[in-house]
>>> print(open('run-v2.cif').read())   # mmCIF, C-alpha atoms and all ligand atoms
data_my_file
#
loop_
_atom_site.group_PDB
_atom_site.id
_atom_site.type_symbol
_atom_site.label_atom_id
_atom_site.label_comp_id
_atom_site.auth_asym_id
_atom_site.auth_seq_id
_atom_site.Cartn_x
_atom_site.Cartn_y
_atom_site.Cartn_z
ATOM 1 C CA MET A 1 4.119 14.447 -2.709
ATOM 2 C CA TRP A 2 0.772 16.125 -2.138
ATOM 3 C CA ILE A 3 -1.925 13.790 -0.750
ATOM 4 C CA GLY A 4 -5.567 14.853 -0.524
ATOM 5 C CA ILE A 5 -8.266 12.814 1.203
ATOM 6 C CA ILE A 6 -12.041 13.142 0.854
ATOM 7 C CA THR A 7 -13.866 11.401 3.682
ATOM 8 C CA ILE A 8 -16.807 11.640 6.083
ATOM 9 C CA PHE A 9 -14.473 10.454 8.902
ATOM 10 C CA PRO A 10 -11.485 12.853 8.994
ATOM 11 C CA LYS A 11 -10.627 11.824 12.567
ATOM 12 C CA MET A 12 -9.795 8.285 11.430
ATOM 13 C CA PHE A 13 -6.648 9.722 9.855
ATOM 14 C CA HIS A 14 -5.344 11.163 13.136
ATOM 15 C CA CYS A 15 -3.961 7.777 14.125
ATOM 16 C CA ILE A 16 -1.620 7.484 11.130
ATOM 17 C CA ILE A 17 -0.568 11.130 11.122
ATOM 18 C CA ASN A 18 0.925 11.114 14.602
ATOM 19 C CA SER A 19 3.337 8.207 14.586
ATOM 20 C CA GLY A 20 5.844 6.087 12.722
ATOM 21 C CA ILE A 21 6.906 6.273 9.115
ATOM 22 C CA ILE A 22 4.114 8.620 8.008
ATOM 23 C CA ARG A 23 4.984 11.129 10.771
ATOM 24 C CA LYS A 24 8.602 11.003 9.597
ATOM 25 C CA ALA A 25 7.645 11.614 5.949
ATOM 26 C CA LEU A 26 5.447 14.537 7.072
ATOM 27 C CA ASN A 27 8.222 16.020 9.242
ATOM 28 C CA LYS A 28 10.699 15.777 6.398
ATOM 29 C CA LYS A 29 8.149 17.455 4.115
ATOM 30 C CA ASN A 30 8.333 14.518 1.706
ATOM 31 C CA ILE A 31 4.543 14.352 1.830
ATOM 32 C CA SER A 32 1.687 16.621 2.876
ATOM 33 C CA ILE A 33 -1.700 15.264 3.966
ATOM 34 C CA ASN A 34 -4.752 17.435 3.277
ATOM 35 C CA ILE A 35 -8.185 16.314 4.449
ATOM 36 C CA TRP A 36 -11.590 17.424 3.151
ATOM 37 C CA ASN A 37 -14.651 16.601 5.222
ATOM 38 C CA LEU A 38 -17.269 15.597 2.648
ATOM 39 C CA ARG A 39 -20.233 16.670 4.802
ATOM 40 C CA GLN A 40 -19.064 20.269 4.704
ATOM 41 C CA PHE A 41 -19.657 20.288 0.947
ATOM 42 C CA SER A 42 -23.297 19.216 1.116
ATOM 43 C CA ASP A 43 -25.930 21.731 -0.059
ATOM 44 C CA LYS A 44 -28.586 19.805 1.906
ATOM 45 C CA LYS A 45 -29.729 20.594 5.396
ATOM 46 C CA ASN A 46 -28.253 18.243 8.021
ATOM 47 C CA HIS A 47 -25.170 17.957 5.759
ATOM 48 C CA LYS A 48 -26.733 14.928 4.071
ATOM 49 C CA ILE A 49 -24.367 13.175 1.646
ATOM 50 C CA ASP A 50 -26.294 9.974 0.800
ATOM 51 C CA ASP A 51 -29.598 8.937 -0.737
ATOM 52 C CA HIS A 52 -31.556 5.813 -1.682
ATOM 53 C CA PRO A 53 -30.462 3.899 -4.796
ATOM 54 C CA TYR A 54 -32.557 4.241 -7.964
ATOM 55 C CA GLY A 55 -33.967 0.855 -8.889
ATOM 56 C CA GLY A 56 -34.197 -0.132 -5.266
ATOM 57 C CA GLY A 57 -31.923 -2.422 -3.327
ATOM 58 C CA PRO A 58 -30.367 -2.251 0.107
ATOM 59 C CA GLY A 59 -28.367 0.579 1.634
ATOM 60 C CA MET A 60 -27.579 4.107 0.523
ATOM 61 C CA VAL A 61 -25.445 5.691 -2.186
ATOM 62 C CA MET A 62 -23.158 8.720 -1.775
ATOM 63 C CA THR A 63 -24.653 11.550 -3.817
ATOM 64 C CA ALA A 64 -22.868 13.386 -6.625
ATOM 65 C CA GLN A 65 -23.228 17.005 -5.450
ATOM 66 C CA PRO A 66 -20.993 16.986 -2.321
ATOM 67 C CA LEU A 67 -18.427 14.725 -3.990
ATOM 68 C CA ARG A 68 -18.169 16.980 -7.023
ATOM 69 C CA SER A 69 -17.717 20.073 -4.843
ATOM 70 C CA ALA A 70 -15.163 18.392 -2.555
ATOM 71 C CA ILE A 71 -13.134 17.077 -5.519
ATOM 72 C CA GLN A 72 -13.163 20.595 -7.001
ATOM 73 C CA ALA A 73 -12.029 22.119 -3.677
ATOM 74 C CA ALA A 74 -9.218 19.560 -3.337
ATOM 75 C CA LYS A 75 -8.140 20.094 -6.956
ATOM 76 C CA ASN A 76 -7.975 23.860 -6.411
ATOM 77 C CA CYS A 77 -5.333 23.275 -3.710
ATOM 78 C CA SER A 78 -3.437 20.427 -5.365
ATOM 79 C CA PRO A 79 -0.528 20.554 -7.814
ATOM 80 C CA LYS A 80 -1.148 20.308 -11.566
ATOM 81 C CA ASP A 81 -1.586 16.709 -12.832
ATOM 82 C CA THR A 82 -2.873 15.409 -9.490
ATOM 83 C CA LEU A 83 -4.640 12.060 -9.963
ATOM 84 C CA VAL A 84 -8.071 11.391 -8.442
ATOM 85 C CA ILE A 85 -8.207 7.824 -7.094
ATOM 86 C CA TYR A 86 -11.329 6.031 -5.837
ATOM 87 C CA LEU A 87 -10.740 3.134 -3.439
ATOM 88 C CA SER A 88 -13.282 0.417 -4.073
ATOM 89 C CA PRO A 89 -13.680 -3.368 -4.196
ATOM 90 C CA GLN A 90 -14.241 -2.981 -7.974
ATOM 91 C CA GLY A 91 -10.888 -1.285 -8.549
ATOM 92 C CA ASN A 92 -7.682 -2.666 -10.057
ATOM 93 C CA THR A 93 -5.809 -4.559 -7.372
ATOM 94 C CA ILE A 94 -2.683 -2.671 -6.410
ATOM 95 C CA ASN A 95 0.779 -4.160 -5.953
ATOM 96 C CA GLN A 96 4.273 -2.864 -5.109
ATOM 97 C CA LYS A 97 4.871 -1.763 -8.698
ATOM 98 C CA LYS A 98 1.740 0.425 -8.674
ATOM 99 C CA ILE A 99 2.845 1.932 -5.355
ATOM 100 C CA ASN A 100 6.351 2.627 -6.736
ATOM 101 C CA ASP A 101 4.827 4.376 -9.764
ATOM 102 C CA ILE A 102 2.329 6.455 -7.811
ATOM 103 C CA ALA A 103 5.005 7.466 -5.269
ATOM 104 C CA LYS A 104 6.756 9.303 -8.125
ATOM 105 C CA THR A 105 3.719 11.438 -9.026
ATOM 106 C CA VAL A 106 3.196 14.995 -7.765
ATOM 107 C CA GLY A 107 -0.156 14.456 -6.133
ATOM 108 C CA ILE A 108 -3.130 12.200 -5.491
ATOM 109 C CA ILE A 109 -6.627 12.748 -4.163
ATOM 110 C CA LEU A 110 -8.039 9.655 -2.440
ATOM 111 C CA ILE A 111 -11.833 9.332 -2.373
ATOM 112 C CA CYS A 112 -13.064 7.238 0.555
ATOM 113 C CA GLY A 113 -16.423 5.614 -0.213
ATOM 114 C CA ARG A 114 -18.960 4.441 2.375
ATOM 115 C CA TYR A 115 -22.434 2.838 2.227
ATOM 116 C CA GLU A 116 -22.904 1.053 -1.127
ATOM 117 C CA GLY A 117 -20.411 3.360 -2.828
ATOM 118 C CA ILE A 118 -20.712 6.568 -4.877
ATOM 119 C CA ASP A 119 -22.967 7.622 -7.770
ATOM 120 C CA GLU A 120 -21.593 5.998 -10.945
ATOM 121 C CA ARG A 121 -21.554 9.356 -12.794
ATOM 122 C CA ILE A 122 -18.863 10.621 -10.415
ATOM 123 C CA ILE A 123 -16.725 7.602 -11.275
ATOM 124 C CA GLU A 124 -17.257 8.202 -14.993
ATOM 125 C CA ASN A 125 -16.527 11.935 -14.962
ATOM 126 C CA TYR A 126 -14.287 12.808 -12.015
ATOM 127 C CA ILE A 127 -12.231 9.712 -11.138
ATOM 128 C CA ASP A 128 -8.949 8.997 -12.944
ATOM 129 C CA GLU A 129 -8.305 5.570 -11.424
ATOM 130 C CA GLU A 130 -10.252 3.031 -9.372
ATOM 131 C CA TRP A 131 -8.033 1.012 -7.024
ATOM 132 C CA SER A 132 -8.565 -1.954 -4.722
ATOM 133 C CA ILE A 133 -6.240 -3.135 -1.937
ATOM 134 C CA GLY A 134 -7.333 -6.766 -2.432
ATOM 135 C CA ASP A 135 -10.333 -9.004 -2.899
ATOM 136 C CA TYR A 136 -12.204 -8.382 0.342
ATOM 137 C CA ILE A 137 -14.681 -5.836 1.666
ATOM 138 C CA VAL A 138 -14.173 -3.320 4.452
ATOM 139 C CA SER A 139 -16.751 -0.846 5.722
ATOM 140 C CA GLY A 140 -15.191 2.249 4.149
ATOM 141 C CA GLY A 141 -12.395 3.486 1.877
ATOM 142 C CA GLU A 142 -10.528 5.120 4.787
ATOM 143 C CA LEU A 143 -8.445 2.088 5.804
ATOM 144 C CA PRO A 144 -7.504 1.301 2.174
ATOM 145 C CA ALA A 145 -6.465 4.981 1.796
ATOM 146 C CA MET A 146 -4.264 4.733 4.899
ATOM 147 C CA ILE A 147 -2.597 1.608 3.521
ATOM 148 C CA ILE A 148 -1.732 3.456 0.332
ATOM 149 C CA ILE A 149 -0.422 6.478 2.255
ATOM 150 C CA ASP A 150 1.786 4.217 4.405
ATOM 151 C CA ALA A 151 3.144 2.336 1.389
ATOM 152 C CA ILE A 152 3.952 5.640 -0.363
ATOM 153 C CA SER A 153 5.511 7.240 2.735
ATOM 154 C CA ARG A 154 8.082 4.516 3.309
ATOM 155 C CA LEU A 155 9.400 5.005 -0.249
ATOM 156 C CA GLN A 156 10.141 8.711 0.245
ATOM 157 C CA PRO A 157 13.856 9.577 0.232
ATOM 158 C CA GLY A 158 15.382 9.616 3.715
ATOM 159 C CA VAL A 159 12.400 7.967 5.424
ATOM 160 C CA LEU A 160 13.779 4.427 5.551
ATOM 161 C CA LYS A 161 17.483 3.723 5.950
ATOM 162 C CA LYS A 162 19.160 3.514 2.534
ATOM 163 C CA TYR A 163 20.264 -0.006 3.441
ATOM 164 C CA SER A 164 16.669 -1.284 3.728
ATOM 165 C CA ILE A 165 15.785 0.024 0.269
ATOM 166 C CA GLN A 166 18.902 -1.549 -1.288
ATOM 167 C CA GLU A 167 18.101 -4.880 0.381
ATOM 168 C CA GLU A 168 14.550 -4.669 -0.933
ATOM 169 C CA SER A 169 15.662 -4.151 -4.527
ATOM 170 C CA PHE A 170 18.345 -6.862 -4.219
ATOM 171 C CA TYR A 171 15.559 -9.336 -3.347
ATOM 172 C CA ASN A 172 13.287 -7.714 -5.956
ATOM 173 C CA GLY A 173 10.005 -9.621 -6.219
ATOM 174 C CA LEU A 174 11.073 -12.329 -3.754
ATOM 175 C CA LEU A 175 9.668 -12.927 -0.295
ATOM 176 C CA ASP A 176 11.858 -12.123 2.685
ATOM 177 C CA TYR A 177 14.363 -14.575 4.205
ATOM 178 C CA PRO A 178 13.839 -15.621 7.870
ATOM 179 C CA HIS A 179 15.073 -13.271 10.602
ATOM 180 C CA TYR A 180 16.670 -14.117 13.946
ATOM 181 C CA THR A 181 17.702 -12.027 16.922
ATOM 182 C CA ARG A 182 19.032 -12.652 20.450
ATOM 183 C CA PRO A 183 19.175 -15.055 22.196
ATOM 184 C CA LYS A 184 21.128 -17.606 20.139
ATOM 185 C CA ASN A 185 19.299 -20.502 21.795
ATOM 186 C CA ILE A 186 15.571 -20.655 22.527
ATOM 187 C CA ASP A 187 14.686 -23.999 24.165
ATOM 188 C CA GLY A 188 17.266 -25.821 22.065
ATOM 189 C CA ASN A 189 16.334 -24.031 18.812
ATOM 190 C CA PHE A 190 19.537 -22.440 17.583
ATOM 191 C CA VAL A 191 20.144 -19.567 15.177
ATOM 192 C CA PRO A 192 21.601 -20.904 11.871
ATOM 193 C CA LYS A 193 25.394 -21.032 12.330
ATOM 194 C CA VAL A 194 26.205 -19.138 9.139
ATOM 195 C CA LEU A 195 24.497 -15.980 10.477
ATOM 196 C CA LEU A 196 26.954 -15.916 13.391
ATOM 197 C CA SER A 197 29.988 -16.692 11.204
ATOM 198 C CA GLY A 198 30.804 -13.121 10.182
ATOM 199 C CA ASN A 199 31.391 -14.423 6.618
ATOM 200 C CA HIS A 200 29.438 -11.874 4.575
ATOM 201 C CA LYS A 201 29.621 -13.820 1.337
ATOM 202 C CA HIS A 202 28.161 -16.943 2.952
ATOM 203 C CA ILE A 203 25.541 -14.864 4.768
ATOM 204 C CA THR A 204 24.403 -13.217 1.510
ATOM 205 C CA GLN A 205 24.192 -16.658 -0.146
ATOM 206 C CA TRP A 206 22.176 -18.034 2.782
ATOM 207 C CA LYS A 207 19.756 -15.080 2.619
ATOM 208 C CA MET A 208 19.255 -15.470 -1.138
ATOM 209 C CA LYS A 209 18.748 -19.222 -0.791
ATOM 210 C CA HIS A 210 16.078 -18.774 1.875
ATOM 211 C CA ALA A 211 14.357 -15.885 0.073
ATOM 212 C CA LEU A 212 14.098 -18.127 -3.001
ATOM 213 C CA LYS A 213 12.949 -21.103 -0.925
ATOM 214 C CA ASN A 214 10.280 -19.054 0.888
ATOM 215 C CA THR A 215 8.950 -17.721 -2.407
ATOM 216 C CA LEU A 216 8.952 -21.123 -4.133
ATOM 217 C CA PHE A 217 7.082 -22.873 -1.299
ATOM 218 C CA LYS A 218 4.886 -20.123 0.168
ATOM 219 C CA ARG A 219 4.001 -18.187 -3.003
ATOM 220 C CA PRO A 220 4.500 -20.412 -6.075
ATOM 221 C CA ASP A 221 2.325 -17.913 -8.020
ATOM 222 C CA LEU A 222 4.881 -15.134 -7.402
ATOM 223 C CA PHE A 223 7.786 -17.469 -8.032
ATOM 224 C CA LYS A 224 6.557 -18.255 -11.559
ATOM 225 C CA LYS A 225 6.686 -14.559 -12.474
ATOM 226 C CA ILE A 226 10.255 -13.956 -11.302
ATOM 227 C CA CYS A 227 13.097 -13.780 -13.793
ATOM 228 C CA LEU A 228 15.955 -15.675 -12.107
ATOM 229 C CA SER A 229 19.668 -14.977 -12.546
ATOM 230 C CA ASN A 230 21.946 -17.943 -13.365
ATOM 231 C CA GLU A 231 23.268 -17.884 -9.814
ATOM 232 C CA GLN A 232 19.725 -18.048 -8.437
ATOM 233 C CA LYS A 233 18.889 -20.936 -10.788
ATOM 234 C CA LYS A 234 21.864 -22.889 -9.388
ATOM 235 C CA ILE A 235 20.678 -22.338 -5.824
ATOM 236 C CA ILE A 236 17.195 -23.576 -6.743
ATOM 237 C CA GLN A 237 18.564 -26.698 -8.469
ATOM 238 C CA LYS A 238 20.637 -27.494 -5.373
ATOM 239 C CA PHE A 239 17.767 -27.502 -2.932
ATOM 240 C CA LYS A 240 15.403 -29.207 -5.354
ATOM 241 C CA LYS A 241 17.974 -32.040 -5.477
ATOM 242 C CA ASN A 242 18.269 -32.163 -1.669
ATOM 243 C CA ASN A 243 14.499 -32.429 -1.119
HETATM 244 C C1 LIG A 301 -16.447 1.976 -2.530
HETATM 245 C C2 LIG A 301 -17.588 1.290 -2.877
HETATM 246 C C3 LIG A 301 -12.216 -0.680 -0.788
HETATM 247 C C4 LIG A 301 -15.874 1.814 -1.284
HETATM 248 C C5 LIG A 301 -18.175 0.430 -1.958
HETATM 249 C C6 LIG A 301 -13.309 -0.126 -0.176
HETATM 250 C C7 LIG A 301 -12.846 -2.807 0.069
HETATM 251 C C8 LIG A 301 -11.969 -2.033 -0.672
HETATM 252 C C9 LIG A 301 -16.466 0.962 -0.343
HETATM 253 C C10 LIG A 301 -17.630 0.243 -0.689
HETATM 254 C C11 LIG A 301 -14.156 -0.971 0.546
HETATM 255 C C12 LIG A 301 -10.770 -2.641 -1.317
HETATM 256 C C13 LIG A 301 -18.718 -0.081 1.462
HETATM 257 C C14 LIG A 301 -19.154 -1.608 -0.368
HETATM 258 C C15 LIG A 301 -19.137 -1.131 2.424
HETATM 259 C C16 LIG A 301 -19.614 -2.614 0.625
HETATM 260 C C17 LIG A 301 -20.625 -2.956 2.770
HETATM 261 C C18 LIG A 301 -15.814 0.817 0.983
HETATM 262 N N1 LIG A 301 -13.905 -2.282 0.652
HETATM 263 N N2 LIG A 301 -18.246 -0.646 0.225
HETATM 264 N N3 LIG A 301 -20.154 -1.980 1.812
HETATM 265 N N4 LIG A 301 -10.748 -3.940 -1.461
HETATM 266 N N5 LIG A 301 -15.303 -0.497 1.166
HETATM 267 O O1 LIG A 301 -9.878 -1.924 -1.708
#
>>> encode(input="run-v2.cif", output="structure tokens")
Amino acid sequence: MWIGIITIFPKMFHCIINSGIIRKALNKKNISINIWNLRQFSDKKNHKIDDHPYGGGPGMVMTAQPLRSAIQAAKNCSPKDTLVIYLSPQGNTINQKKINDIAKTVGIILICGRYEGIDERIIENYIDEEWSIGDYIVSGGELPAMIIIDAISRLQPGVLKKYSIQEESFYNGLLDYPHYTRPKNIDGNFVPKVLLSGNHKHITQWKMKHALKNTLFKRPDLFKKICLSNEQKKIIQKFKKNN
């Protein structure tokens, strides 16, 4: 997948490019990351890319001219059908399904806003989708862009172990079950016996039970949306009875 980024802070991306899952996806050529420094596309002296808002109000707005040129430059290098995505607090909130869908596309260009955002006419004429990573504000679109790149990278074939992906789809839509590692005893708090039993059927049942329980109690909003199998319904009935 081809990923383009338009930003005034290209160096911020160095930290994700050099380690972990994203490095692995880059090495395997699953993804390519291509950065455009917005200031270099400014016609103004001093590489100015912002101006005061019409109608007054606080702060500055990113001007149309450099954005239009940078988007054009990125599009000239990107595959056909590349989507232009603007990260903003006004965007549609993303979720795992959106990430799964976008990970299948050929290319995306991520526009990282700063100041009070970008001139509305750029959104109307050059942006395909406006995305938000959640209902809170950060100082620029760079961190949201990195979150999207990370979420896409871990879905690329061969980046995560096949086993992790299968587990994830087995627990589709549910929260994770609790995890334990050595030692077996921490100050009298023992690892659940079943996990040491070697009985894979019982272990799978325990994991499903606790994934369901976690979701029901920690995220009742998610739980309502999940379509349960008959086996899962039985597990739920059992622990509703016991509590
Ligand atoms: C676009 C428009 C995304 C991008 C405005 C970006 C949260 C998200 C930004 C702004 C983002 C998200 C800049 C407006 C900082 C507010 C103080 C960058 N914040 N900001 N101003 N939820 N900020 O996805």
>>> residues_near_ligand(input="run-v2.cif", ligand="ligand LIG 301 (chain A)", cutoff="8 Å", atoms="all atoms listed in the file", output="PyMOL selection string")
chain A and resi 86-91+93+112-118+131-142+144
>>> write_last_selection(input="run-v2.cif", atoms="C-alpha atoms", output="JSON list (two decimals), in the coordinates of the input")
[["chain", "number", "residue", "atom", "x", "y", "z"],
["A", 86, "TYR", "CA", -11.33, 6.03, -5.84],
["A", 87, "LEU", "CA", -10.74, 3.13, -3.44],
["A", 88, "SER", "CA", -13.28, 0.42, -4.07],
["A", 89, "PRO", "CA", -13.68, -3.37, -4.20],
["A", 90, "GLN", "CA", -14.24, -2.98, -7.97],
["A", 91, "GLY", "CA", -10.89, -1.28, -8.55],
["A", 93, "THR", "CA", -5.81, -4.56, -7.37],
["A", 112, "CYS", "CA", -13.06, 7.24, 0.56],
["A", 113, "GLY", "CA", -16.42, 5.61, -0.21],
["A", 114, "ARG", "CA", -18.96, 4.44, 2.38],
["A", 115, "TYR", "CA", -22.43, 2.84, 2.23],
["A", 116, "GLU", "CA", -22.90, 1.05, -1.13],
["A", 117, "GLY", "CA", -20.41, 3.36, -2.83],
["A", 118, "ILE", "CA", -20.71, 6.57, -4.88],
["A", 131, "TRP", "CA", -8.03, 1.01, -7.02],
["A", 132, "SER", "CA", -8.56, -1.95, -4.72],
["A", 133, "ILE", "CA", -6.24, -3.14, -1.94],
["A", 134, "GLY", "CA", -7.33, -6.77, -2.43],
["A", 135, "ASP", "CA", -10.33, -9.00, -2.90],
["A", 136, "TYR", "CA", -12.20, -8.38, 0.34],
["A", 137, "ILE", "CA", -14.68, -5.84, 1.67],
["A", 138, "VAL", "CA", -14.17, -3.32, 4.45],
["A", 139, "SER", "CA", -16.75, -0.85, 5.72],
["A", 140, "GLY", "CA", -15.19, 2.25, 4.15],
["A", 141, "GLY", "CA", -12.40, 3.49, 1.88],
["A", 142, "GLU", "CA", -10.53, 5.12, 4.79],
["A", 144, "PRO", "CA", -7.50, 1.30, 2.17]]
>>> closest_residue(input="run-v2.cif", among="A:Gln205, A:Ser153, A:Ser42, A:Asn37", to="Met1 of chain A", atoms="all atoms listed in the file")
A:Ser153
>>> residues_around(input="run-v2.cif", residues="Ile109 of chain A", least_positions_apart="2", cutoff="7 Å", atoms="all atoms listed in the file", output="compact mmCIF listing (two decimals) with C-alpha atoms, in the frame of the given file")
# COMPACT_ATOMS: atom_id res chain seq x y z
CA ILE A 3 -1.92 13.79 -0.75
CA GLY A 4 -5.57 14.85 -0.52
CA ILE A 5 -8.27 12.81 1.20
CA LEU A 83 -4.64 12.06 -9.96
CA VAL A 84 -8.07 11.39 -8.44
CA ILE A 85 -8.21 7.82 -7.09
CA GLY A 107 -0.16 14.46 -6.13
CA ILE A 111 -11.83 9.33 -2.37
>>> atom_distance(input="run-v2.cif", atom1="atom CA of Tyr177 of chain A", atom2="atom CA of Pro192 of chain A")
12.3 Å
>>> resolve_selection(input="run-v2.cif", expression="the PyMOL selection byres (((chain A and resi 208) around 12) and not hetatm)", output="PyMOL selection string")
chain A and resi 167-168+170-172+174-178+201-207+209-215+228-229+231-236
>>> resolve_selection(input="run-v2.cif", expression="the PyMOL selection byres (((chain A and resi 71) around 10) and not hetatm)", output="ChimeraX atom specification")
/A:4-6,36,38,41,66-70,72-76,84,109-111,122,126-127
>>> write_last_selection(input="run-v2.cif", atoms="C-alpha atoms", output="PDB file, in the frame of the given file")
ATOM      1  CA  GLY A   4      -5.567  14.853  -0.524  1.00  0.00           C
ATOM      2  CA  ILE A   5      -8.266  12.814   1.203  1.00  0.00           C
ATOM      3  CA  ILE A   6     -12.041  13.142   0.854  1.00  0.00           C
ATOM      4  CA  TRP A  36     -11.590  17.424   3.151  1.00  0.00           C
ATOM      5  CA  LEU A  38     -17.269  15.597   2.648  1.00  0.00           C
ATOM      6  CA  PHE A  41     -19.657  20.288   0.947  1.00  0.00           C
ATOM      7  CA  PRO A  66     -20.993  16.986  -2.321  1.00  0.00           C
ATOM      8  CA  LEU A  67     -18.427  14.725  -3.990  1.00  0.00           C
ATOM      9  CA  ARG A  68     -18.169  16.980  -7.023  1.00  0.00           C
ATOM     10  CA  SER A  69     -17.717  20.073  -4.843  1.00  0.00           C
ATOM     11  CA  ALA A  70     -15.163  18.392  -2.555  1.00  0.00           C
ATOM     12  CA  GLN A  72     -13.163  20.595  -7.001  1.00  0.00           C
ATOM     13  CA  ALA A  73     -12.029  22.119  -3.677  1.00  0.00           C
ATOM     14  CA  ALA A  74      -9.218  19.560  -3.337  1.00  0.00           C
ATOM     15  CA  LYS A  75      -8.140  20.094  -6.956  1.00  0.00           C
ATOM     16  CA  ASN A  76      -7.975  23.860  -6.411  1.00  0.00           C
ATOM     17  CA  VAL A  84      -8.071  11.391  -8.442  1.00  0.00           C
ATOM     18  CA  ILE A 109      -6.627  12.748  -4.163  1.00  0.00           C
ATOM     19  CA  LEU A 110      -8.039   9.655  -2.440  1.00  0.00           C
ATOM     20  CA  ILE A 111     -11.833   9.332  -2.373  1.00  0.00           C
ATOM     21  CA  ILE A 122     -18.863  10.621 -10.415  1.00  0.00           C
ATOM     22  CA  TYR A 126     -14.287  12.808 -12.015  1.00  0.00           C
ATOM     23  CA  ILE A 127     -12.231   9.712 -11.138  1.00  0.00           C
TER      24      ILE A 127
END
>>> closest_residue(input="run-v2.cif", among="A:Val61, A:Ile16, A:Leu143, A:Ile152", to="Trp2 of chain A", atoms="all atoms listed in the file")
A:Ile152
>>> atom_distance(input="run-v2.cif", atom1="atom CA of Lys241 of chain A", atom2="atom CA of Arg219 of chain A")
19.8 Å
>>> closest_atom_pairs(input="run-v2.cif", of="segment 75-168 of chain A", to="segment 19-33 of chain A", cutoff="12 Å", atoms="all atoms listed in the file", output="CSV")
residue,atom,partner,partner_atom,distance
A:Cys77,CA,A:Ile33,CA,11.7
A:Ser78,CA,A:Ser32,CA,10.4
A:Pro79,CA,A:Ser32,CA,11.6
A:Ala103,CA,A:Ile31,CA,9.9
A:Lys104,CA,A:Asn30,CA,11.2
A:Thr105,CA,A:Ile31,CA,11.3
A:Val106,CA,A:Ile31,CA,9.7
A:Gly107,CA,A:Ile31,CA,9.2
A:Ile108,CA,A:Ile33,CA,10.0
A:Ile109,CA,A:Ile33,CA,9.8
A:Leu110,CA,A:Ile33,CA,10.6
A:Ala145,CA,A:Ile33,CA,11.5
A:Met146,CA,A:Ile22,CA,9.7
A:Ile147,CA,A:Ile22,CA,10.7
A:Ile148,CA,A:Ile22,CA,10.9
A:Ile149,CA,A:Ile22,CA,7.6
A:Asp150,CA,A:Ile22,CA,6.1
A:Ala151,CA,A:Ile22,CA,9.2
A:Ile152,CA,A:Ile22,CA,8.9
A:Ser153,CA,A:Ile22,CA,5.6
A:Arg154,CA,A:Ile21,CA,6.2
A:Leu155,CA,A:Ala25,CA,9.2
A:Gln156,CA,A:Asn30,CA,6.3
A:Pro157,CA,A:Asn30,CA,7.6
A:Gly158,CA,A:Lys28,CA,8.2
A:Val159,CA,A:Ala25,CA,6.0
A:Leu160,CA,A:Ile21,CA,8.0
A:Lys161,CA,A:Ile21,CA,11.3
>>> decode(input="run-v2.cif", residues="segment 195-207 of chain A", atoms="N, CA and C atoms", output="PDB file, in the first residue's frame")
ATOM      1  N   LEU A 195      -5.394 -22.425  32.781  1.00  0.00           N
ATOM      2  CA  LEU A 195      -4.372 -22.007  31.804  1.00  0.00           C
ATOM      3  C   LEU A 195      -3.104 -22.843  31.907  1.00  0.00           C
ATOM      4  N   LEU A 196      -2.946 -23.547  33.043  1.00  0.00           N
ATOM      5  CA  LEU A 196      -1.768 -24.399  33.228  1.00  0.00           C
ATOM      6  C   LEU A 196      -2.098 -25.863  32.950  1.00  0.00           C
ATOM      7  N   SER A 197      -3.396 -26.130  32.640  1.00  0.00           N
ATOM      8  CA  SER A 197      -3.869 -27.517  32.561  1.00  0.00           C
ATOM      9  C   SER A 197      -3.412 -28.234  31.300  1.00  0.00           C
ATOM     10  N   GLY A 198      -3.107 -27.492  30.258  1.00  0.00           N
ATOM     11  CA  GLY A 198      -2.754 -28.125  28.977  1.00  0.00           C
ATOM     12  C   GLY A 198      -3.988 -28.616  28.224  1.00  0.00           C
ATOM     13  N   ASN A 199      -5.176 -28.441  28.785  1.00  0.00           N
ATOM     14  CA  ASN A 199      -6.420 -28.861  28.107  1.00  0.00           C
ATOM     15  C   ASN A 199      -6.897 -27.734  27.181  1.00  0.00           C
ATOM     16  N   HIS A 200      -6.625 -27.900  25.878  1.00  0.00           N
ATOM     17  CA  HIS A 200      -6.854 -26.790  24.944  1.00  0.00           C
ATOM     18  C   HIS A 200      -8.317 -26.429  24.797  1.00  0.00           C
ATOM     19  N   LYS A 201      -9.181 -27.435  24.920  1.00  0.00           N
ATOM     20  CA  LYS A 201     -10.616 -27.158  24.809  1.00  0.00           C
ATOM     21  C   LYS A 201     -11.077 -26.275  25.979  1.00  0.00           C
ATOM     22  N   HIS A 202     -10.649 -26.654  27.186  1.00  0.00           N
ATOM     23  CA  HIS A 202     -11.025 -25.868  28.367  1.00  0.00           C
ATOM     24  C   HIS A 202     -10.412 -24.475  28.323  1.00  0.00           C
ATOM     25  N   ILE A 203      -9.184 -24.399  27.810  1.00  0.00           N
ATOM     26  CA  ILE A 203      -8.508 -23.087  27.723  1.00  0.00           C
ATOM     27  C   ILE A 203      -9.256 -22.167  26.756  1.00  0.00           C
ATOM     28  N   THR A 204      -9.647 -22.702  25.604  1.00  0.00           N
ATOM     29  CA  THR A 204     -10.408 -21.910  24.620  1.00  0.00           C
ATOM     30  C   THR A 204     -11.729 -21.429  25.226  1.00  0.00           C
ATOM     31  N   GLN A 205     -12.391 -22.329  25.973  1.00  0.00           N
ATOM     32  CA  GLN A 205     -13.670 -21.949  26.615  1.00  0.00           C
ATOM     33  C   GLN A 205     -13.454 -20.845  27.654  1.00  0.00           C
ATOM     34  N   TRP A 206     -12.379 -20.979  28.414  1.00  0.00           N
ATOM     35  CA  TRP A 206     -12.059 -19.969  29.445  1.00  0.00           C
ATOM     36  C   TRP A 206     -11.808 -18.610  28.779  1.00  0.00           C
ATOM     37  N   LYS A 207     -11.050 -18.636  27.680  1.00  0.00           N
ATOM     38  CA  LYS A 207     -10.720 -17.370  26.984  1.00  0.00           C
ATOM     39  C   LYS A 207     -11.988 -16.714  26.445  1.00  0.00           C
TER      40      LYS A 207
END
